[in-house]
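Below: data30.cif (mmCIF, C-alpha atoms)
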data_start
#
loop_
_atom_site.label_atom_id
_atom_site.label_comp_id
_atom_site.auth_asym_id
_atom_site.auth_seq_id
_atom_site.Cartn_x
_atom_site.Cartn_y
_atom_site.Cartn_z
CA MET A 1 198.41 156.98 264.42
CA ASP A 2 195.93 159.76 263.62
CA ASP A 3 198.08 162.31 265.36
CA VAL A 4 201.17 161.59 263.31
CA ILE A 5 199.58 161.29 259.85
CA ALA A 6 198.54 164.91 259.62
CA GLY A 7 195.04 165.59 258.44
CA SER A 8 193.97 162.02 257.83
CA TYR A 9 192.16 159.23 259.57
CA VAL A 10 194.01 155.94 259.73
CA PHE A 11 191.44 153.14 259.56
CA THR A 12 192.27 151.38 262.79
CA GLY A 13 190.45 148.54 264.53
CA GLU A 14 188.85 151.08 266.87
CA ARG A 15 187.41 153.03 263.94
CA SER A 16 186.33 149.85 262.20
CA ALA A 17 184.48 148.70 265.31
CA LYS A 18 182.78 152.05 265.91
CA SER A 19 181.61 152.45 262.32
CA TYR A 20 180.81 148.77 261.80
CA HIS A 21 177.13 149.14 260.95
CA ILE A 22 177.50 152.08 258.63
CA ASN A 23 180.29 150.29 256.79
CA LYS A 24 178.20 147.12 256.73
CA MET A 25 175.29 149.03 255.23
CA ALA A 26 177.57 150.53 252.55
CA LYS A 27 179.02 147.10 251.75
CA THR A 28 175.54 145.87 250.83
CA LEU A 29 175.25 148.48 248.05
CA GLY A 30 177.13 146.29 245.59
CA SER A 31 174.11 145.46 243.44
CA ALA A 32 171.52 147.42 241.48
CA VAL A 33 168.73 145.82 243.51
CA THR A 34 170.04 146.91 246.91
CA ARG A 35 170.97 150.36 245.61
CA ALA A 36 167.38 150.81 244.45
CA GLN A 37 166.07 149.71 247.84
CA PHE A 38 168.40 152.14 249.59
CA GLN A 39 167.46 154.97 247.26
CA ALA A 40 163.76 154.34 247.86
CA ASP A 41 164.03 154.57 251.65
CA GLU A 42 167.49 155.45 252.94
CA ALA A 43 166.54 155.64 256.61
CA GLY A 44 164.52 152.44 256.62
CA TYR A 45 167.23 150.57 254.75
CA MET A 46 169.91 151.74 257.18
CA ARG A 47 167.80 151.04 260.27
CA ALA A 48 167.14 147.46 259.12
CA ILE A 49 170.89 146.85 259.00
CA GLY A 50 171.38 148.21 262.50
CA CYS A 51 172.50 151.78 261.91
CA SER A 52 171.81 154.27 264.67
CA ASP A 53 169.78 157.47 264.33
CA GLU A 54 173.04 159.44 264.41
CA GLU A 55 174.46 157.40 261.52
CA ILE A 56 171.25 157.76 259.51
CA GLU A 57 171.32 161.51 260.05
CA LEU A 58 174.97 161.83 258.93
CA VAL A 59 174.15 160.05 255.68
CA ARG A 60 170.98 162.09 255.21
CA GLN A 61 173.05 165.26 255.44
CA ARG A 62 175.71 163.82 253.08
CA ASP A 63 178.16 164.96 255.74
CA TRP A 64 181.19 163.04 254.49
CA LYS A 65 183.58 164.91 256.77
CA ALA A 66 181.59 164.01 259.86
CA LEU A 67 181.30 160.44 258.64
CA MET A 68 185.10 160.21 258.35
CA GLU A 69 185.45 161.70 261.81
CA TYR A 70 182.92 159.15 263.02
CA GLY A 71 185.16 156.35 261.80
CA ALA A 72 183.79 155.22 258.44
CA SER A 73 186.04 153.73 255.77
CA ILE A 74 186.67 156.08 252.82
CA TYR A 75 186.10 153.17 250.44
CA LEU A 76 182.65 152.57 251.88
CA LEU A 77 181.79 156.27 251.83
CA LEU A 78 182.57 156.12 248.12
CA ARG A 79 180.13 153.19 247.86
CA ILE A 80 177.40 155.29 249.49
CA GLY A 81 178.43 158.15 247.24
CA ALA A 82 177.95 155.97 244.16
CA ALA A 83 174.39 155.26 245.29
CA VAL A 84 173.52 158.91 245.94
CA GLY A 85 175.40 160.53 243.06
CA HIS A 86 178.41 161.97 244.87
CA THR A 87 181.84 161.44 243.27
CA LEU A 88 185.28 160.87 244.76
CA PRO A 89 186.41 164.48 244.20
CA GLN A 90 183.25 165.78 245.89
CA ILE A 91 183.53 163.43 248.84
CA GLY A 92 187.29 163.79 249.23
CA LEU A 93 187.11 167.57 249.10
CA HIS A 94 184.27 167.62 251.60
CA THR A 95 186.26 165.49 254.05
CA SER A 96 189.12 167.99 253.73
CA GLY A 97 186.84 170.72 255.04
CA LYS A 98 187.07 172.66 251.77
CA GLY A 99 184.00 171.28 250.03
CA HIS A 100 180.29 171.81 250.57
CA MET B 1 209.05 123.30 235.50
CA ALA B 2 207.44 126.68 235.90
CA THR B 3 209.51 129.76 235.15
CA LEU B 4 209.26 133.28 236.55
CA VAL B 5 209.69 135.38 233.43
CA GLY B 6 209.43 138.79 235.04
CA GLY B 7 207.55 141.19 237.23
CA ILE B 8 205.29 144.17 236.78
CA GLY B 9 204.60 146.89 239.30
CA THR B 10 201.57 148.99 238.46
CA SER B 11 199.14 151.36 240.10
CA HIS B 12 195.43 150.60 240.04
CA ALA B 13 192.50 153.01 240.24
CA PRO B 14 188.81 153.03 239.31
CA THR B 15 189.41 156.10 237.17
CA ILE B 16 191.73 154.13 234.87
CA GLY B 17 188.86 151.73 234.17
CA VAL B 18 186.39 154.56 233.59
CA ALA B 19 188.75 156.32 231.18
CA TRP B 20 189.39 153.04 229.36
CA ASP B 21 185.70 152.21 229.04
CA LYS B 22 184.97 155.72 227.71
CA GLY B 23 187.73 155.40 225.11
CA GLN B 24 189.70 158.34 226.53
CA GLN B 25 193.09 156.73 225.84
CA LYS B 26 194.21 159.52 223.51
CA GLU B 27 192.84 162.47 225.46
CA PRO B 28 195.57 164.82 226.73
CA LEU B 29 194.81 164.10 230.40
CA TRP B 30 195.10 160.34 229.96
CA ALA B 31 197.47 159.78 227.03
CA PRO B 32 200.66 159.87 229.16
CA LEU B 33 199.25 157.05 231.26
CA PHE B 34 197.84 154.86 228.51
CA GLU B 35 200.81 155.36 226.17
CA GLY B 36 203.04 154.34 229.05
CA TYR B 37 201.43 150.90 229.01
CA VAL B 38 202.13 150.25 225.31
CA PRO B 39 205.73 149.01 225.80
CA ALA B 40 204.61 146.90 228.78
CA ARG B 41 201.88 145.34 226.68
CA GLN B 42 204.45 144.60 223.96
CA TRP B 43 206.68 142.95 226.56
CA MET B 44 203.76 140.78 227.67
CA THR B 45 203.26 139.76 224.04
CA ASP B 46 206.96 138.98 223.68
CA VAL B 47 207.43 136.89 226.84
CA LYS B 48 204.16 134.97 226.30
CA PRO B 49 203.16 134.32 229.90
CA ASP B 50 200.55 131.65 230.51
CA LEU B 51 199.82 132.58 234.10
CA LEU B 52 199.65 135.90 235.98
CA LEU B 53 200.15 135.85 239.75
CA ILE B 54 198.80 139.17 241.01
CA VAL B 55 199.41 140.53 244.51
CA TYR B 56 196.77 143.23 244.98
CA ASN B 57 194.22 144.51 247.43
CA ASP B 58 190.47 144.29 247.56
CA HIS B 59 188.68 147.56 248.40
CA VAL B 60 185.99 146.09 250.66
CA ASN B 61 184.21 144.65 247.62
CA GLN B 62 184.85 140.94 248.15
CA PHE B 63 185.72 141.04 251.84
CA PHE B 64 184.11 142.88 254.73
CA PHE B 65 185.23 143.66 258.25
CA ASP B 66 183.20 140.81 259.72
CA ALA B 67 186.18 138.66 258.75
CA TYR B 68 188.94 140.55 256.98
CA PRO B 69 191.82 138.33 255.83
CA THR B 70 195.38 139.61 255.98
CA PHE B 71 196.20 137.42 252.98
CA ALA B 72 193.61 135.70 250.74
CA LEU B 73 194.28 133.44 247.78
CA GLY B 74 191.80 132.87 244.94
CA VAL B 75 191.90 129.19 244.00
CA GLY B 76 188.72 129.11 241.91
CA ALA B 77 188.43 128.36 238.19
CA VAL B 78 186.76 131.75 237.70
CA HIS B 79 187.02 135.08 239.51
CA ALA B 80 183.85 137.10 239.09
CA GLN B 81 183.92 140.87 238.74
CA ALA B 82 182.70 142.74 241.82
CA ASP B 83 180.10 145.51 241.44
CA GLU B 84 181.87 148.41 243.17
CA GLY B 85 178.74 150.52 243.36
CA TRP B 86 178.46 151.78 239.79
CA GLY B 87 177.46 148.48 238.15
CA LYS B 88 179.78 146.04 236.46
CA ARG B 89 182.07 147.01 233.59
CA PRO B 90 181.71 145.31 230.20
CA LEU B 91 184.38 142.70 230.94
CA PRO B 92 184.09 138.92 231.22
CA ASP B 93 184.93 137.20 234.49
CA LEU B 94 188.59 136.30 234.91
CA PRO B 95 189.79 132.73 234.41
CA GLY B 96 191.73 131.22 237.33
CA ASP B 97 194.16 128.32 237.62
CA PRO B 98 193.07 126.05 240.49
CA ASP B 99 195.92 123.58 240.03
CA PHE B 100 198.63 126.21 240.39
CA ALA B 101 196.69 128.08 243.06
CA TRP B 102 196.38 125.03 245.30
CA HIS B 103 200.06 124.31 244.77
CA LEU B 104 200.76 127.90 245.79
CA ALA B 105 198.59 127.46 248.89
CA ARG B 106 200.54 124.36 249.94
CA SER B 107 203.88 126.00 249.22
CA LEU B 108 203.04 129.24 251.04
CA ILE B 109 201.77 127.44 254.13
CA GLU B 110 204.87 125.25 254.12
CA ASP B 111 206.77 128.55 254.02
CA GLU B 112 204.82 129.92 257.02
CA PHE B 113 202.53 132.26 255.06
CA ASP B 114 198.91 131.36 255.78
CA PRO B 115 196.43 132.85 253.32
CA THR B 116 192.69 132.41 253.58
CA ILE B 117 191.88 129.99 250.74
CA CYS B 118 188.97 131.29 248.65
CA GLN B 119 187.12 129.09 246.16
CA GLU B 120 184.95 132.08 245.29
CA MET B 121 186.67 135.44 245.25
CA SER B 122 185.36 138.34 243.18
CA VAL B 123 187.95 140.88 242.08
CA ASP B 124 187.69 144.65 241.77
CA HIS B 125 189.64 147.50 240.20
CA GLY B 126 192.66 146.30 242.15
CA ILE B 127 193.16 143.99 239.16
CA LEU B 128 190.61 144.94 236.53
CA SER B 129 191.62 148.59 236.12
CA PHE B 130 195.08 147.93 234.63
CA LEU B 131 194.70 144.45 233.16
CA PRO B 132 192.93 145.57 229.95
CA LEU B 133 195.93 147.82 229.30
CA LEU B 134 198.26 144.82 229.30
CA THR B 135 196.33 141.87 227.81
CA ASP B 136 193.38 141.15 225.58
CA THR B 137 190.10 141.46 227.43
CA ASN B 138 188.95 138.03 226.36
CA TRP B 139 191.35 137.06 229.15
CA THR B 140 193.31 134.28 227.48
CA ILE B 141 195.84 134.24 230.34
CA PRO B 142 194.62 132.77 233.67
CA VAL B 143 195.08 134.85 236.80
CA VAL B 144 195.79 133.73 240.36
CA PRO B 145 194.92 136.62 242.69
CA LEU B 146 196.53 137.05 246.11
CA ALA B 147 194.78 139.76 248.11
CA VAL B 148 196.51 141.67 250.92
CA ASN B 149 194.88 143.72 253.66
CA VAL B 150 196.25 147.24 253.31
CA ILE B 151 193.02 148.90 254.50
CA GLN B 152 192.17 147.89 258.07
CA HIS B 153 195.11 148.37 260.42
CA PRO B 154 197.14 146.57 261.59
CA ILE B 155 198.32 145.74 258.08
CA PRO B 156 201.34 143.59 257.22
CA THR B 157 204.74 145.26 257.14
CA ALA B 158 206.71 146.09 254.03
CA ARG B 159 209.23 143.47 255.12
CA ARG B 160 206.48 140.86 255.27
CA LEU B 161 205.49 141.65 251.68
CA PHE B 162 209.11 141.46 250.53
CA ARG B 163 209.47 138.06 252.19
CA LEU B 164 206.17 136.96 250.68
CA GLY B 165 207.81 137.57 247.33
CA THR B 166 210.59 135.10 248.07
CA ALA B 167 207.94 132.55 249.05
CA LEU B 168 206.15 133.17 245.75
CA ARG B 169 209.41 132.52 243.93
CA ARG B 170 209.89 129.21 245.74
CA ALA B 171 206.33 128.18 244.88
CA ILE B 172 206.86 128.99 241.21
CA GLU B 173 210.16 127.13 241.04
CA SER B 174 208.69 124.06 242.71
CA TYR B 175 205.68 123.82 240.38
CA PRO B 176 206.21 120.79 238.15
CA LYS B 177 204.25 121.96 235.10
CA ASP B 178 205.71 124.08 232.34
CA LYS B 179 204.30 127.54 232.96
CA ARG B 180 205.65 130.96 232.14
CA ILE B 181 204.59 133.17 235.04
CA VAL B 182 204.61 136.95 235.50
CA VAL B 183 204.26 138.24 239.06
CA PHE B 184 202.46 141.53 239.65
CA GLY B 185 202.60 143.89 242.59
CA THR B 186 199.90 146.53 242.33
CA GLY B 187 198.69 149.55 244.25
CA GLY B 188 199.67 153.12 244.98
CA LEU B 189 201.62 154.99 244.24
CA THR B 190 201.12 157.94 246.57
CA HIS B 191 197.57 159.16 247.11
CA GLN B 192 195.43 160.55 249.89
CA LEU B 193 191.69 160.18 249.35
CA HIS B 194 190.35 161.97 252.42
CA GLY B 195 191.02 164.54 255.10
CA ALA B 196 192.98 167.77 255.04
CA GLY B 197 195.57 166.20 252.75
CA PHE B 198 193.01 165.11 250.14
CA GLY B 199 194.54 164.96 246.68
CA ARG B 200 198.11 165.16 247.95
CA HIS B 201 200.63 163.03 246.18
CA ASN B 202 204.39 162.95 246.34
CA GLU B 203 206.12 162.64 242.99
CA ALA B 204 209.62 162.77 244.47
CA TRP B 205 208.88 159.84 246.77
CA ASP B 206 207.11 157.90 244.02
CA ASN B 207 210.18 158.16 241.82
CA GLU B 208 212.57 157.40 244.65
CA PHE B 209 210.47 154.34 245.44
CA MET B 210 210.67 153.10 241.85
CA ASP B 211 214.44 153.76 241.77
CA ARG B 212 215.03 151.88 244.98
CA LEU B 213 212.68 149.07 244.08
CA GLU B 214 215.26 148.17 241.46
CA THR B 215 218.43 148.80 243.45
CA ASP B 216 217.54 148.73 247.15
CA PRO B 217 214.35 146.76 247.81
CA ALA B 218 215.72 145.48 251.11
CA GLY B 219 216.10 149.08 252.26
CA LEU B 220 212.51 149.86 251.22
CA SER B 221 211.32 146.81 253.09
CA GLU B 222 212.78 148.20 256.33
CA LEU B 223 210.59 151.32 256.27
CA SER B 224 207.65 151.24 258.65
CA ILE B 225 203.99 151.48 257.67
CA GLN B 226 204.02 154.82 259.48
CA GLU B 227 206.78 156.07 257.19
CA TYR B 228 204.96 154.87 254.08
CA MET B 229 201.81 156.73 255.16
CA GLU B 230 203.71 159.90 256.02
CA ARG B 231 205.42 159.95 252.64
CA GLY B 232 202.66 158.64 250.43
CA GLY B 233 199.31 159.04 252.19
CA THR B 234 197.15 156.64 254.15
CA GLU B 235 195.78 155.09 250.94
CA GLY B 236 199.16 155.26 249.22
CA VAL B 237 200.43 152.63 251.64
CA GLU B 238 199.22 150.15 249.01
CA MET B 239 202.60 150.56 247.33
CA ILE B 240 204.15 148.07 249.75
CA MET B 241 202.62 145.34 247.56
CA TRP B 242 205.18 146.11 244.86
CA LEU B 243 207.74 144.64 247.26
CA ALA B 244 206.15 141.20 246.89
CA MET B 245 206.77 141.34 243.14
CA ARG B 246 210.32 142.54 243.72
CA GLY B 247 210.99 139.90 246.36
CA ALA B 248 209.96 137.22 243.88
CA LEU B 249 212.49 138.46 241.33
CA GLY B 250 215.43 138.13 243.74
CA GLY B 251 218.89 139.74 243.53
CA THR B 252 219.66 141.84 240.48
CA VAL B 253 216.99 142.85 238.01
CA LYS B 254 216.96 144.33 234.54
CA ARG B 255 214.55 147.19 233.90
CA VAL B 256 212.55 146.73 230.71
CA HIS B 257 210.25 149.72 231.02
CA ARG B 258 209.22 152.44 233.43
CA ASN B 259 206.56 155.14 233.31
CA TYR B 260 205.20 157.70 235.74
CA THR B 261 202.36 160.18 235.48
CA ALA B 262 200.09 161.90 237.97
CA PRO B 263 197.14 163.44 236.10
CA LEU B 264 194.75 163.60 239.06
CA THR B 265 195.06 162.70 242.72
CA THR B 266 197.20 159.56 242.41
CA GLY B 267 200.76 158.95 241.33
CA TYR B 268 200.50 156.29 238.63
CA GLY B 269 203.65 154.19 238.32
CA LEU B 270 204.50 151.35 235.99
CA LEU B 271 207.63 149.23 236.12
CA VAL B 272 208.50 146.12 234.11
CA LEU B 273 211.43 144.07 235.40
CA GLU B 274 213.19 140.89 234.36
CA THR B 275 215.55 138.76 236.41
#

Go through the file and emit its structure as structure tokens.
Amino acid sequence: MDDVIAGSYVFTGERSAKSYHINKMAKTLGSAVTRAQFQADEAGYMRAIGCSDEEIELVRQRDWKALMEYGASIYLLLRIGAAVGHTLPQIGLHTSGKGH
Amino acid sequence: MATLVGGIGTSHAPTIGVAWDKGQQKEPLWAPLFEGYVPARQWMTDVKPDLLLIVYNDHVNQFFFDAYPTFALGVGAVHAQADEGWGKRPLPDLPGDPDFAWHLARSLIEDEFDPTICQEMSVDHGILSFLPLLTDTNWTIPVVPLAVNVIQHPIPTARRLFRLGTALRRAIESYPKDKRIVVFGTGGLTHQLHGAGFGRHNEAWDNEFMDRLETDPAGLSELSIQEYMERGGTEGVEMIMWLAMRGALGGTVKRVHRNYTAPLTTGYGLLVLET
């Protein structure tokens, strides 16, 4: 479906499976307590949930475009964004290749 | 006997909740949206519903991909507010209606729709962004939420949502208690939140969709998910949930109110219909 919906990533089962741990990590950020834990030690928090070094590095770089290409759900990137102070316009624009 | 008194189609978005909480209702950017809800709120006051049946989608706040339900029905007495990452908004939890919700579960399953039955189901901006625009926020009207997967593909077809609407109608008409029920379909309209098309929306298609929702819902229900995404964006595919509301209303409908505005990245539609 990716090929026919120009310029977007349809969140298919394949993407969901590949990005499972990064999405799972983002899903846990739905409380002030977990957000504080994540903010205190992003890499350690992600590793404990099963994220790979590559996934940890993509988040460290705030590389939203690469994270979309990797397969993450936009809704869960927004959840990570909320924890690190990046907004929807920033993240969306970055995934378009026009942001920084 | 329960009565279906009408249907509302409405967009939902976190930004609506943020603008509401900040009191930006009269600011130039937001006034066309918020003022558009005033006649709908008046209609709600006039028809005095005592139950809202809301077909919506969760945004990976309640559910996760470990077990993602295609349809999920909230049968609890209370629906808590999900923390979507920014902390909870200053709103009380929503009251539910377990008696009607369990009746709906039985009726839907009899009708070959099989929702996951949830005794605890938190709700997110899919409901809470627009509801304060339509009712008092002390939530005097109970809500029965019916969540649809429109996020992880494969997602149900537009036709499936339209047929779900007819099943909702049968459930309402077979409920023995006197209840005045409004059915909601919420989501969309067009928006694209990521990728090269970020920020793209399609006002012509949004308005065609609202036209045809009144006059040609069966035709809309024959469009593929692919076509909805091509016209309205991968996230805009949420708009298929309006077809459940329309399916519940049946044949000919009377339009009470319609509004459309697109101040940012999303086409915000609002449609109030009566049978």

* Asked: So, counting all atoms listed in the file, which residue among B:Leu273, B:Ala77, B:Leu213, B:Ile225 is closest to chain A?
  ->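 Nearest to chain A: B:Ile225.
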
Per-residue nearest contacts region 44-124 of chain B to region 164-186 of chain B, cut-off 10 Å, using all atoms listed in the file, as JSON lines:
{"residue": "B:Met44", "atom": "CA", "partner": "B:Val182", "partner_atom": "CA", "distance": 8.8}
{"residue": "B:Val47", "atom": "CA", "partner": "B:Arg180", "partner_atom": "CA", "distance": 8.2}
{"residue": "B:Lys48", "atom": "CA", "partner": "B:Arg180", "partner_atom": "CA", "distance": 7.2}
{"residue": "B:Pro49", "atom": "CA", "partner": "B:Arg180", "partner_atom": "CA", "distance": 4.7}
{"residue": "B:Asp50", "atom": "CA", "partner": "B:Arg180", "partner_atom": "CA", "distance": 5.4}
{"residue": "B:Leu51", "atom": "CA", "partner": "B:Ile181", "partner_atom": "CA", "distance": 4.9}
{"residue": "B:Leu52", "atom": "CA", "partner": "B:Val182", "partner_atom": "CA", "distance": 5.1}
{"residue": "B:Leu53", "atom": "CA", "partner": "B:Val183", "partner_atom": "CA", "distance": 4.8}
{"residue": "B:Ile54", "atom": "CA", "partner": "B:Phe184", "partner_atom": "CA", "distance": 4.6}
{"residue": "B:Val55", "atom": "CA", "partner": "B:Gly185", "partner_atom": "CA", "distance": 5.0}
{"residue": "B:Tyr56", "atom": "CA", "partner": "B:Thr186", "partner_atom": "CA", "distance": 5.3}
{"residue": "B:Asn57", "atom": "CA", "partner": "B:Thr186", "partner_atom": "CA", "distance": 7.9}
{"residue": "B:Asp99", "atom": "CA", "partner": "B:Tyr175", "partner_atom": "CA", "distance": 9.8}
{"residue": "B:Phe100", "atom": "CA", "partner": "B:Tyr175", "partner_atom": "CA", "distance": 7.4}
{"residue": "B:Ala101", "atom": "CA", "partner": "B:Ala171", "partner_atom": "CA", "distance": 9.8}
{"residue": "B:His103", "atom": "CA", "partner": "B:Tyr175", "partner_atom": "CA", "distance": 7.1}
{"residue": "B:Leu104", "atom": "CA", "partner": "B:Ala171", "partner_atom": "CA", "distance": 5.7}
{"residue": "B:Ala105", "atom": "CA", "partner": "B:Ala171", "partner_atom": "CA", "distance": 8.7}
{"residue": "B:Arg106", "atom": "CA", "partner": "B:Ala171", "partner_atom": "CA", "distance": 8.6}
{"residue": "B:Ser107", "atom": "CA", "partner": "B:Ala171", "partner_atom": "CA", "distance": 5.4}
{"residue": "B:Leu108", "atom": "CA", "partner": "B:Ala167", "partner_atom": "CA", "distance": 6.2}
{"residue": "B:Ile109", "atom": "CA", "partner": "B:Ala167", "partner_atom": "CA", "distance": 9.5}
{"residue": "B:Glu110", "atom": "CA", "partner": "B:Ala167", "partner_atom": "CA", "distance": 9.4}
{"residue": "B:Asp111", "atom": "CA", "partner": "B:Ala167", "partner_atom": "CA", "distance": 6.5}
{"residue": "B:Glu112", "atom": "CA", "partner": "B:Ala167", "partner_atom": "CA", "distance": 9.0}
{"residue": "B:Phe113", "atom": "CA", "partner": "B:Leu164", "partner_atom": "CA", "distance": 7.4}

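Nearest to chain A of all the residues B:Asn61, B:Asn202, B:Thr275, B:Ser129 is B:Asn61, based on all atoms listed in the file.
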
Using all atoms listed in the file, find each residue of chain B with at least one atom at most 7 Å away from an atom of chain A; report its shortest atom-to-atom pair and that distance in Å (one decimal), sort the rows by chain and rising residue number, and return the result as a Markdown table.
| residue | atom | partner | partner_atom | distance |
| --- | --- | --- | --- | --- |
| B:His59 | CA | A:Tyr75 | CA | 6.5 |
| B:Asp83 | CA | A:Gly30 | CA | 5.2 |
| B:Glu84 | CA | A:Gly30 | CA | 5.7 |
| B:Gly85 | CA | A:Gly30 | CA | 5.0 |
| B:Trp86 | CA | A:Ala82 | CA | 6.1 |
| B:Gly87 | CA | A:Ala32 | CA | 6.9 |
| B:Ile151 | CA | A:Phe11 | CA | 6.8 |
| B:Gln152 | CA | A:Phe11 | CA | 5.5 |
| B:His153 | CA | A:Thr12 | CA | 4.8 |
| B:Pro154 | CA | A:Thr12 | CA | 6.9 |
| B:Leu193 | CA | A:Gly92 | CA | 5.7 |
| B:His194 | CA | A:Gly92 | CA | 4.8 |
| B:Gly195 | CA | A:Ser96 | CA | 4.2 |
| B:Ala196 | CA | A:Ser96 | CA | 4.1 |
| B:Gly197 | CA | A:Gly7 | CA | 5.7 |
| B:Phe198 | CA | A:Gly92 | CA | 5.9 |
| B:Met229 | CA | A:Ile5 | CA | 6.9 |
| B:Glu230 | CA | A:Ile5 | CA | 5.8 |
| B:Thr234 | CA | A:Val10 | CA | 6.4 |

* Asked: What does the distance between CA of Val256 (chain B) and CA of Val272 (chain B) come to in Å, to one decimal place?
  ->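 Going from CA of Val256 (chain B) over to CA of Val272 (chain B) covers 5.3 Å.
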
* Gap from CA of Glu42 (chain A) to CA of Glu54 (chain A) - Å, one decimal ->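 It comes out at 13.4 Å.
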
* With all atoms listed in the file counted, which protein, DNA or RNA residues have an atom no more than 8 Å from (201.0, 154.5, 237.3) in the file frame? Please answer as a ChimeraX atom specification. => /B:10-12,33,188-189,259-262,267-270

* **Interatomic distance (Å, one decimal) between CA of Pro28 (chain B) and CA of Asn207 (chain B)** => 22.0 Å

* Within-12 Å shell of (168.7, 150.3, 257.6) in input frame, only C-alpha atoms, as a ChimeraX atom specification -> /A:21-26,28-29,34,37-53,55-57,59

* **Residues matched by the PyMOL selection byres ((chain B and resi 209) around 12) as a PyMOL selection string** => chain B and resi 9+188-190+202-208+210-221+223+228+231-232+236-237+239-240+242-243+246+260+267+269-271

Would you output that residue set with C-alpha atoms, as a PDB file, keeping the file's coordinate frame?
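Written out: part.pdb:
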ATOM      1  CA  GLY B   9     204.600 146.890 239.300  1.00  0.00           C
ATOM      2  CA  GLY B 188     199.670 153.120 244.980  1.00  0.00           C
ATOM      3  CA  LEU B 189     201.620 154.990 244.240  1.00  0.00           C
ATOM      4  CA  THR B 190     201.120 157.940 246.570  1.00  0.00           C
ATOM      5  CA  ASN B 202     204.390 162.950 246.340  1.00  0.00           C
ATOM      6  CA  GLU B 203     206.120 162.640 242.990  1.00  0.00           C
ATOM      7  CA  ALA B 204     209.620 162.770 244.470  1.00  0.00           C
ATOM      8  CA  TRP B 205     208.880 159.840 246.770  1.00  0.00           C
ATOM      9  CA  ASP B 206     207.110 157.900 244.020  1.00  0.00           C
ATOM     10  CA  ASN B 207     210.180 158.160 241.820  1.00  0.00           C
ATOM     11  CA  GLU B 208     212.570 157.400 244.650  1.00  0.00           C
ATOM     12  CA  MET B 210     210.670 153.100 241.850  1.00  0.00           C
ATOM     13  CA  ASP B 211     214.440 153.760 241.770  1.00  0.00           C
ATOM     14  CA  ARG B 212     215.030 151.880 244.980  1.00  0.00           C
ATOM     15  CA  LEU B 213     212.680 149.070 244.080  1.00  0.00           C
ATOM     16  CA  GLU B 214     215.260 148.170 241.460  1.00  0.00           C
ATOM     17  CA  THR B 215     218.430 148.800 243.450  1.00  0.00           C
ATOM     18  CA  ASP B 216     217.540 148.730 247.150  1.00  0.00           C
ATOM     19  CA  PRO B 217     214.350 146.760 247.810  1.00  0.00           C
ATOM     20  CA  ALA B 218     215.720 145.480 251.110  1.00  0.00           C
ATOM     21  CA  GLY B 219     216.100 149.080 252.260  1.00  0.00           C
ATOM     22  CA  LEU B 220     212.510 149.860 251.220  1.00  0.00           C
ATOM     23  CA  SER B 221     211.320 146.810 253.090  1.00  0.00           C
ATOM     24  CA  LEU B 223     210.590 151.320 256.270  1.00  0.00           C
ATOM     25  CA  TYR B 228     204.960 154.870 254.080  1.00  0.00           C
ATOM     26  CA  ARG B 231     205.420 159.950 252.640  1.00  0.00           C
ATOM     27  CA  GLY B 232     202.660 158.640 250.430  1.00  0.00           C
ATOM     28  CA  GLY B 236     199.160 155.260 249.220  1.00  0.00           C
ATOM     29  CA  VAL B 237     200.430 152.630 251.640  1.00  0.00           C
ATOM     30  CA  MET B 239     202.600 150.560 247.330  1.00  0.00           C
ATOM     31  CA  ILE B 240     204.150 148.070 249.750  1.00  0.00           C
ATOM     32  CA  TRP B 242     205.180 146.110 244.860  1.00  0.00           C
ATOM     33  CA  LEU B 243     207.740 144.640 247.260  1.00  0.00           C
ATOM     34  CA  ARG B 246     210.320 142.540 243.720  1.00  0.00           C
ATOM     35  CA  TYR B 260     205.200 157.700 235.740  1.00  0.00           C
ATOM     36  CA  GLY B 267     200.760 158.950 241.330  1.00  0.00           C
ATOM     37  CA  GLY B 269     203.650 154.190 238.320  1.00  0.00           C
ATOM     38  CA  LEU B 270     204.500 151.350 235.990  1.00  0.00           C
ATOM     39  CA  LEU B 271     207.630 149.230 236.120  1.00  0.00           C
TER      40      LEU B 271
END
